[in-house]
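Student: For reference, this is run-v6.cif, and it has mmCIF, C-alpha atoms and all ligand atoms.
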```
data_run
loop_
_atom_site.label_atom_id
_atom_site.label_comp_id
_atom_site.auth_asym_id
_atom_site.auth_seq_id
_atom_site.Cartn_x
_atom_site.Cartn_y
_atom_site.Cartn_z
CA MET A 344 138.35 220.67 30.41
CA LYS A 345 141.82 220.19 28.98
CA MET A 346 142.03 216.46 28.49
CA LYS A 347 145.31 214.60 28.85
CA LEU A 348 146.16 211.21 27.35
CA LEU A 349 147.19 208.27 29.50
CA ASP A 350 149.90 207.05 27.17
CA GLY A 351 150.14 203.29 27.68
CA LYS A 352 152.89 202.95 25.10
CA LYS A 353 155.17 205.42 26.88
CA CYS A 354 154.44 203.98 30.34
CA ALA A 355 154.93 200.39 29.15
CA GLU A 356 158.23 201.28 27.49
CA SER A 357 159.46 202.88 30.69
CA LEU A 358 158.51 199.80 32.75
CA VAL A 359 160.10 197.39 30.25
CA THR A 360 163.30 199.48 30.18
CA ASP A 361 163.51 199.20 33.99
CA ILE A 362 163.00 195.44 33.75
CA ALA A 363 165.65 195.11 31.02
CA ARG A 364 168.15 196.94 33.25
CA LYS A 365 167.52 194.49 36.10
CA VAL A 366 167.79 191.50 33.76
CA THR A 367 171.13 192.74 32.43
CA GLY A 368 172.41 192.84 36.00
CA TYR A 369 171.19 189.30 36.74
CA VAL A 370 172.69 187.90 33.54
CA GLU A 371 176.02 189.66 34.21
CA SER A 372 176.07 187.99 37.60
CA GLY A 373 175.91 184.60 35.84
CA LEU A 374 172.21 183.75 36.02
CA ARG A 375 170.17 182.60 33.05
CA LYS A 376 167.60 184.94 31.48
CA PRO A 377 163.96 184.99 32.65
CA HIS A 378 161.87 182.68 30.49
CA MET A 379 158.23 182.94 29.38
CA THR A 380 156.38 180.14 27.60
CA ILE A 381 153.19 180.90 25.68
CA ILE A 382 150.75 178.25 24.46
CA LEU A 383 148.54 179.30 21.57
CA VAL A 384 145.82 176.87 20.52
CA GLY A 385 144.32 177.24 17.05
CA LYS A 386 144.07 180.38 14.95
CA HIS A 387 142.34 183.45 16.41
CA ALA A 388 143.32 186.78 14.89
CA PRO A 389 143.25 188.91 18.09
CA SER A 390 145.21 186.21 19.98
CA GLU A 391 147.84 186.17 17.21
CA SER A 392 148.29 189.89 17.67
CA TYR A 393 148.45 189.73 21.50
CA VAL A 394 150.96 186.89 21.39
CA LYS A 395 153.12 188.76 18.90
CA SER A 396 153.28 191.72 21.22
CA LYS A 397 154.13 189.48 24.22
CA VAL A 398 157.01 187.87 22.29
CA GLY A 399 158.24 191.31 21.14
CA SER A 400 158.14 192.63 24.69
CA CYS A 401 160.15 189.65 25.93
CA GLU A 402 162.87 190.51 23.43
CA LYS A 403 162.97 194.13 24.64
CA ALA A 404 163.10 193.03 28.28
CA GLY A 405 165.91 190.52 27.62
CA PHE A 406 163.71 187.49 28.37
CA GLU A 407 163.73 184.18 26.53
CA SER A 408 160.33 183.34 25.11
CA VAL A 409 158.99 180.17 23.55
CA LEU A 410 155.73 180.12 21.61
CA ILE A 411 154.11 176.69 21.41
CA ARG A 412 151.47 176.51 18.68
CA LEU A 413 148.97 173.70 19.02
CA PRO A 414 146.18 172.72 16.59
CA ASP A 415 142.56 173.52 17.54
CA THR A 416 141.85 169.79 17.28
CA ILE A 417 143.95 169.11 20.39
CA SER A 418 142.00 167.38 23.19
CA GLU A 419 141.72 168.85 26.67
CA ALA A 420 143.69 165.88 28.05
CA GLU A 421 146.55 166.48 25.60
CA LEU A 422 146.63 170.19 26.43
CA LEU A 423 146.66 169.41 30.16
CA GLU A 424 149.63 167.10 29.53
CA ARG A 425 151.54 169.90 27.78
CA VAL A 426 150.81 172.21 30.71
CA ALA A 427 152.05 169.57 33.18
CA THR A 428 155.30 169.18 31.22
CA ILE A 429 155.97 172.93 31.37
CA ASN A 430 155.02 173.05 35.07
CA ASN A 431 157.83 170.55 35.68
CA ASP A 432 160.40 172.33 33.52
CA PRO A 433 162.68 174.39 35.81
CA THR A 434 163.87 176.56 32.88
CA THR A 435 160.42 178.14 32.42
CA ASP A 436 159.51 180.87 34.92
CA GLY A 437 156.13 181.89 33.56
CA LEU A 438 153.46 180.12 31.50
CA ILE A 439 150.59 181.71 29.59
CA VAL A 440 147.84 179.76 27.90
CA GLN A 441 146.36 182.32 25.54
CA LEU A 442 142.57 182.63 25.83
CA PRO A 443 140.04 182.00 24.40
CA LEU A 444 140.45 178.26 23.92
CA PRO A 445 138.40 176.18 21.45
CA ARG A 446 134.91 175.45 22.77
CA HIS A 447 135.53 171.74 23.38
CA ILE A 448 138.16 172.61 25.99
CA ASN A 449 137.12 173.70 29.48
CA GLN A 450 139.06 176.92 30.04
CA GLN A 451 138.89 176.77 33.84
CA ASN A 452 140.28 173.21 33.90
CA VAL A 453 143.30 174.42 31.95
CA ILE A 454 143.82 177.51 34.11
CA ASN A 455 143.55 175.35 37.25
CA ALA A 456 146.25 173.03 35.87
CA ILE A 457 148.90 175.78 35.57
CA SER A 458 151.31 175.78 38.48
CA PRO A 459 150.45 178.84 40.65
CA GLU A 460 154.21 179.62 40.77
CA LYS A 461 154.22 179.99 36.94
CA ASP A 462 150.79 181.58 36.58
CA ILE A 463 151.95 185.01 35.37
CA ASP A 464 148.40 185.79 34.14
CA GLY A 465 147.22 185.58 37.76
CA PHE A 466 144.14 183.60 36.74
CA HIS A 467 144.70 180.49 38.89
CA PRO A 468 142.34 180.35 41.91
CA THR A 469 145.37 180.38 44.25
CA ASN A 470 146.69 183.66 42.85
CA PHE A 471 143.23 185.18 42.46
CA GLY A 472 142.41 184.21 46.05
CA ARG A 473 145.70 185.53 47.40
CA MET A 474 145.25 188.80 45.49
CA THR A 475 141.71 189.13 46.85
CA LEU A 476 142.98 188.57 50.40
CA GLY A 477 145.64 191.23 49.88
CA GLN A 478 148.51 188.73 49.92
CA LYS A 479 151.51 188.61 47.60
CA ALA A 480 150.35 187.11 44.29
CA PHE A 481 150.59 187.38 40.55
CA ARG A 482 147.92 189.97 39.78
CA PRO A 483 145.81 189.62 36.62
CA ALA A 484 147.80 191.47 33.99
CA THR A 485 145.24 193.84 32.49
CA ALA A 486 144.00 194.95 35.90
CA TYR A 487 147.56 195.30 37.21
CA GLY A 488 148.52 197.24 34.06
CA ILE A 489 145.70 199.73 34.70
CA CYS A 490 147.00 200.26 38.25
CA LYS A 491 150.54 200.84 36.97
CA LEU A 492 149.25 203.36 34.42
CA LEU A 493 147.37 205.32 37.12
CA GLN A 494 150.48 205.22 39.28
CA TYR A 495 152.78 206.39 36.45
CA TYR A 496 150.63 209.49 35.92
CA ASN A 497 150.22 210.12 39.68
CA ILE A 498 146.44 209.92 39.44
CA PRO A 499 144.96 209.71 42.94
CA VAL A 500 142.90 206.58 43.59
CA LYS A 501 142.59 206.54 47.38
CA GLY A 502 139.18 207.81 48.48
CA LYS A 503 137.91 208.19 44.91
CA HIS A 504 134.64 206.82 43.58
CA CYS A 505 135.44 204.32 40.89
CA VAL A 506 132.90 202.60 38.63
CA VAL A 507 133.96 199.42 36.82
CA ILE A 508 131.68 198.22 34.02
CA GLY A 509 132.04 194.53 33.13
CA ARG A 510 132.58 191.65 35.57
CA SER A 511 134.85 189.33 33.56
CA ASN A 512 137.30 187.19 35.49
CA ILE A 513 140.21 188.65 33.53
CA VAL A 514 139.47 192.38 33.89
CA GLY A 515 136.36 193.72 35.64
CA LYS A 516 136.30 191.43 38.65
CA PRO A 517 140.02 191.69 39.51
CA ILE A 518 140.30 195.46 38.96
CA SER A 519 137.25 196.06 41.18
CA ILE A 520 138.89 194.03 43.95
CA MET A 521 142.35 195.55 43.51
CA LEU A 522 141.17 199.17 43.57
CA SER A 523 139.07 198.58 46.68
CA ASN A 524 141.81 196.66 48.52
CA ASP A 525 144.29 198.37 50.84
CA PHE A 526 146.96 198.24 48.11
CA ASP A 527 149.47 200.95 47.15
CA ILE A 528 147.19 201.70 44.20
CA GLY A 529 143.84 201.12 45.88
CA ASN A 530 141.59 202.24 48.72
CA ALA A 531 138.97 203.52 46.29
CA THR A 532 135.23 203.12 46.77
CA VAL A 533 134.26 200.82 43.93
CA THR A 534 130.99 199.98 42.20
CA LEU A 535 131.02 196.96 39.89
CA ALA A 536 128.33 197.27 37.20
CA HIS A 537 127.55 194.52 34.70
CA ILE A 538 125.12 193.26 32.10
CA GLU A 539 122.30 192.93 34.67
CA THR A 540 122.73 196.46 36.07
CA PRO A 541 119.60 198.47 35.20
CA ARG A 542 120.34 201.36 32.84
CA GLU A 543 119.13 204.04 35.27
CA LEU A 544 121.30 202.68 38.07
CA LEU A 545 124.30 202.52 35.74
CA LEU A 546 123.78 206.18 34.77
CA ASP A 547 123.43 207.23 38.44
CA GLU A 548 126.77 205.59 39.12
CA THR A 549 128.76 206.67 36.06
CA ARG A 550 127.57 210.28 36.31
CA ARG A 551 129.10 210.73 39.74
CA ALA A 552 132.19 208.58 39.20
CA ASP A 553 135.68 210.06 39.53
CA ILE A 554 137.18 207.13 37.62
CA VAL A 555 135.33 204.96 35.07
CA ILE A 556 136.84 201.68 33.86
CA VAL A 557 134.92 200.10 31.01
CA ALA A 558 135.51 196.56 29.74
CA VAL A 559 132.39 195.45 27.87
CA GLY A 560 133.59 194.98 24.28
CA ILE A 561 130.97 197.29 22.74
CA PRO A 562 132.20 200.18 20.55
CA GLY A 563 130.81 203.55 21.65
CA PHE A 564 129.25 202.14 24.85
CA ILE A 565 130.30 205.16 26.94
CA THR A 566 128.72 208.35 25.63
CA GLU A 567 129.21 211.97 26.63
CA ASP A 568 125.98 212.14 28.69
CA MET A 569 127.11 209.26 30.93
CA VAL A 570 130.04 210.96 32.68
CA LYS A 571 130.82 214.09 34.66
CA GLU A 572 133.27 216.82 33.78
CA GLY A 573 136.82 215.89 34.87
CA VAL A 574 136.34 212.12 34.92
CA VAL A 575 139.33 209.79 34.52
CA MET A 576 138.34 207.37 31.75
CA ILE A 577 140.01 203.98 31.35
CA ASP A 578 138.95 202.18 28.18
CA VAL A 579 139.79 198.46 28.17
CA GLY A 580 137.87 197.68 24.97
CA ILE A 581 139.69 196.51 21.85
CA ASN A 582 137.06 196.24 19.11
CA ARG A 583 137.77 195.79 15.42
CA LEU A 584 135.24 197.60 13.21
CA GLU A 585 134.24 196.34 9.76
CA ASN A 586 136.56 198.90 8.16
CA GLY A 587 139.46 197.35 10.09
CA LYS A 588 139.80 200.26 12.54
CA ILE A 589 140.48 199.36 16.20
CA VAL A 590 138.33 201.26 18.70
CA GLY A 591 137.59 200.98 22.41
CA ASP A 592 134.32 200.98 24.36
CA VAL A 593 134.27 204.78 24.67
CA ASP A 594 132.94 207.23 22.08
CA PHE A 595 136.34 208.92 22.26
CA GLU A 596 135.58 211.81 19.94
CA HIS A 597 132.69 213.10 22.07
CA VAL A 598 133.72 211.92 25.54
CA ALA A 599 137.40 212.98 25.59
CA GLY A 600 136.56 216.70 25.97
CA LYS A 601 134.89 216.00 29.34
CA CYS A 602 137.76 213.93 30.76
CA SER A 603 140.71 215.08 32.83
CA TRP A 604 142.51 211.93 31.63
CA ILE A 605 141.63 209.28 29.07
CA THR A 606 143.33 206.21 27.59
CA PRO A 607 143.59 206.06 23.80
CA VAL A 608 142.75 202.85 21.90
CA PRO A 609 145.10 201.54 20.64
CA GLY A 610 148.08 202.67 22.72
CA GLY A 611 146.38 202.64 26.13
CA VAL A 612 145.48 199.68 28.33
CA GLY A 613 146.49 197.02 25.73
CA ARG A 614 150.12 198.03 26.01
CA MET A 615 149.92 197.95 29.80
CA THR A 616 148.63 194.37 29.87
CA VAL A 617 151.85 193.21 28.26
CA ALA A 618 154.01 195.37 30.54
CA ALA A 619 152.28 193.90 33.62
CA LEU A 620 152.94 190.40 32.32
CA MET A 621 156.63 191.31 32.12
CA ILE A 622 156.53 192.49 35.75
CA ASN A 623 154.89 189.21 36.78
CA THR A 624 157.42 187.14 34.83
CA LEU A 625 160.30 188.98 36.46
CA MET A 626 158.68 188.29 39.85
CA ALA A 627 158.38 184.56 39.02
CA TYR A 628 162.07 184.54 38.06
CA GLN A 629 163.10 186.42 41.19
CA ASN A 630 161.11 183.94 43.27
CA ASN A 631 162.92 181.04 41.57
CA PHE A 632 166.34 182.51 42.31
CA ASN A 633 165.46 183.99 45.71
CA LEU A 634 166.28 187.46 44.40
CA ALA A 635 163.58 189.50 46.10
N1 LIG A 701 143.10 186.76 26.14
C1 LIG A 701 142.76 188.06 26.27
N2 LIG A 701 143.43 188.62 27.30
C2 LIG A 701 144.21 187.67 27.83
C3 LIG A 701 145.13 187.64 28.91
O1 LIG A 701 145.37 188.63 29.63
N3 LIG A 701 145.76 186.44 29.14
C4 LIG A 701 145.49 185.34 28.38
N4 LIG A 701 146.13 184.21 28.69
N5 LIG A 701 144.64 185.32 27.39
C5 LIG A 701 144.00 186.49 27.11
#
```
For this file, write the structure as structure tokens.
Ligand code: GUN
Tutor:
Amino acid sequence: MKMKLLDGKKCAESLVTDIARKVTGYVESGLRKPHMTIILVGKHAPSESYVKSKVGSCEKAGFESVLIRLPDTISEAELLERVATINNDPTTDGLIVQLPLPRHINQQNVINAISPEKDIDGFHPTNFGRMTLGQKAFRPATAYGICKLLQYYNIPVKGKHCVVIGRSNIVGKPISIMLSNDFDIGNATVTLAHIETPRELLLDETRRADIVIVAVGIPGFITEDMVKEGVVMIDVGINRLENGKIVGDVDFEHVAGKCSWITPVPGGVGRMTVAALMINTLMAYQNNFNLA
């Protein structure tokens, strides 16, 4: 099987270029730029790197971005107050609170406090519920990014058997819903496997899957014997090894030869998460100015 790479960097750049073109038009017509605010609590190396790439992408898209750094000693009440202030600020279109938060802060309380109109991560129950019901909503960025990548490479999804491994609220759960919904990139038959799925059942599913999406955070989790020839492999994992190398959840070296398409790590899904956030921020902005 001649394997082809799903190049997230190339796809993301193309999407951000399209967004930048639209923003130029809006600004030339006298409107302000779209504006993203990011709250980063404490110091967490992966979050630092994600936030850096979000800020960089805003620059490329012609958005304003503000990064608010808060100490990890901040109380939940103080953080909720900061969120409320940004909710009420008409110059911010989209707000991200970077996860994970320190353990003394209840993550769901903070997500629930973000105004659904500014929730470009799509994590608020209102957006998650609307997305699940097939209504217009901000869609969770990593899941949405995967859909955009499949679309960019014209990979058929409708009618395919898709296996998602990992049921997190930020990736596995939303992508399983989105691909099974009657969306433009959807109408697949989806199995959602997770930590309690017996090994034999998991193998039965992955071995007949047309598309496998893995988001478990375990290097080398997907091995060659687990998939069929011609599978489309989407690797959401971003794992840092002791030698500093970043790898996904797929044993790329041995699995890639069996795939029709596969995402590299880095340069695959990670890039698409940021691009999808840009799409969501532009949508928040367009909503604010009645542009679409
Ligand atoms: N941490 C890891 N991924 C994400 C994400 O998509 N959004 C936020 N806010 N935090 C994250």
Student: Record the distance separating atom CA of A:Asn530 and atom CA of A:Val500, expressed in Å with one decimal.
Tutor: 6.8 Å
Student: What residues of the protein or nucleic acid chains come within 7 Å of ligand LIG 701 (chain A) when you use all atoms listed in the file? Reply as a list in words.
Tutor: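 Using all atoms listed in the file, I find these residues within 7 Å of ligand LIG 701 (chain A): Ser390, Ile439, Val440, Gln441, Leu442, Pro443, Asp464, Ala484, Thr485, Ile513 and Thr616 of chain A.
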Student: Write the selection just made, keeping C-alpha atoms, as a compact mmCIF listing (two decimals), in the frame of the given file?
Tutor:
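Result file follows (result-v2.txt):
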```txt
# COMPACT_ATOMS: atom_id res chain seq x y z
CA SER A 390 145.21 186.21 19.98
CA ILE A 439 150.59 181.71 29.59
CA VAL A 440 147.84 179.76 27.90
CA GLN A 441 146.36 182.32 25.54
CA LEU A 442 142.57 182.63 25.83
CA PRO A 443 140.04 182.00 24.40
CA ASP A 464 148.40 185.79 34.14
CA ALA A 484 147.80 191.47 33.99
CA THR A 485 145.24 193.84 32.49
CA ILE A 513 140.21 188.65 33.53
CA THR A 616 148.63 194.37 29.87
```
Student: Between atom CA of A:Asp525 and atom CA of A:Ile556, what distance in Å does the model show, to one decimal?
Tutor: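 If I compute the distance from atom CA of A:Asp525 to atom CA of A:Ile556, I get 18.8 Å.
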Student: May I have the protein, DNA and RNA residues with any atom at most 8 Å from the point (147.6, 199.0, 37.5), counting only C-alpha atoms, written as a PyMOL selection string?
Tutor: chain A and resi 485-494+528+619
Student: In Å, how far is it from atom CA of A:Asn449 to atom CA of A:Pro377?
Tutor: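 We find that atom CA of A:Asn449 and atom CA of A:Pro377 lie 29.3 Å from each other.
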Student: Find the residues around A:Ala552 up to 9 Å (all atoms listed in the file counted), leave out those fewer than 6 positions away in its own chain, and share them as a list in words.
Tutor: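 The filter keeps Lys503, His504, Cys505, Val506, Val570, Lys571, Val574 and Val575 of chain A.
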Student: From the options A:Thr428, A:Thr416, A:Thr624, A:Asn452, which residue's atoms come nearest to A:Gly465, counting only C-alpha atoms?
Tutor: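 Checking each of A:Thr428, A:Thr416, A:Thr624, A:Asn452 against A:Gly465, counting only C-alpha atoms, the winner is A:Thr624.
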Student: Taking 4 positions as the minimum chain separation for residues in the same chain, which residues sit within 9 Å of A:Ile463 when counting all atoms listed in the file? Answer as a ChimeraX atom specification.
Tutor: /A:379,436-439,459,481-484,620-624,626-627
Student: With only C-alpha atoms as the atoms that count, which of A:Glu460, A:Ile382, A:Ser511, A:Phe564 lies nearest to A:Pro414?
Tutor: A:Ile382
Student: Could you give me, as a ChimeraX atom specification, the residues within 8 Å of stretch 595-612 of chain A, counting only C-alpha atoms and dropping anything in the same chain fewer than 5 positions from it?
Tutor: /A:344-352,485,488-489,563,565-567,570-581,589-590
Student: For A:His467, work out the shell of residues within 9 Å, counting only C-alpha atoms and skipping chain neighbours fewer than 4 positions away, then give it as a PDB file with C-alpha atoms, in the frame of the given file.
Tutor:
```
ATOM      1  CA  GLN A 451     138.890 176.770  33.840  1.00  0.00           C
ATOM      2  CA  ILE A 454     143.820 177.510  34.110  1.00  0.00           C
ATOM      3  CA  ASN A 455     143.550 175.350  37.250  1.00  0.00           C
ATOM      4  CA  ALA A 456     146.250 173.030  35.870  1.00  0.00           C
ATOM      5  CA  ILE A 457     148.900 175.780  35.570  1.00  0.00           C
ATOM      6  CA  SER A 458     151.310 175.780  38.480  1.00  0.00           C
ATOM      7  CA  PRO A 459     150.450 178.840  40.650  1.00  0.00           C
ATOM      8  CA  ASP A 462     150.790 181.580  36.580  1.00  0.00           C
ATOM      9  CA  PHE A 471     143.230 185.180  42.460  1.00  0.00           C
ATOM     10  CA  GLY A 472     142.410 184.210  46.050  1.00  0.00           C
TER      11      GLY A 472
END
```
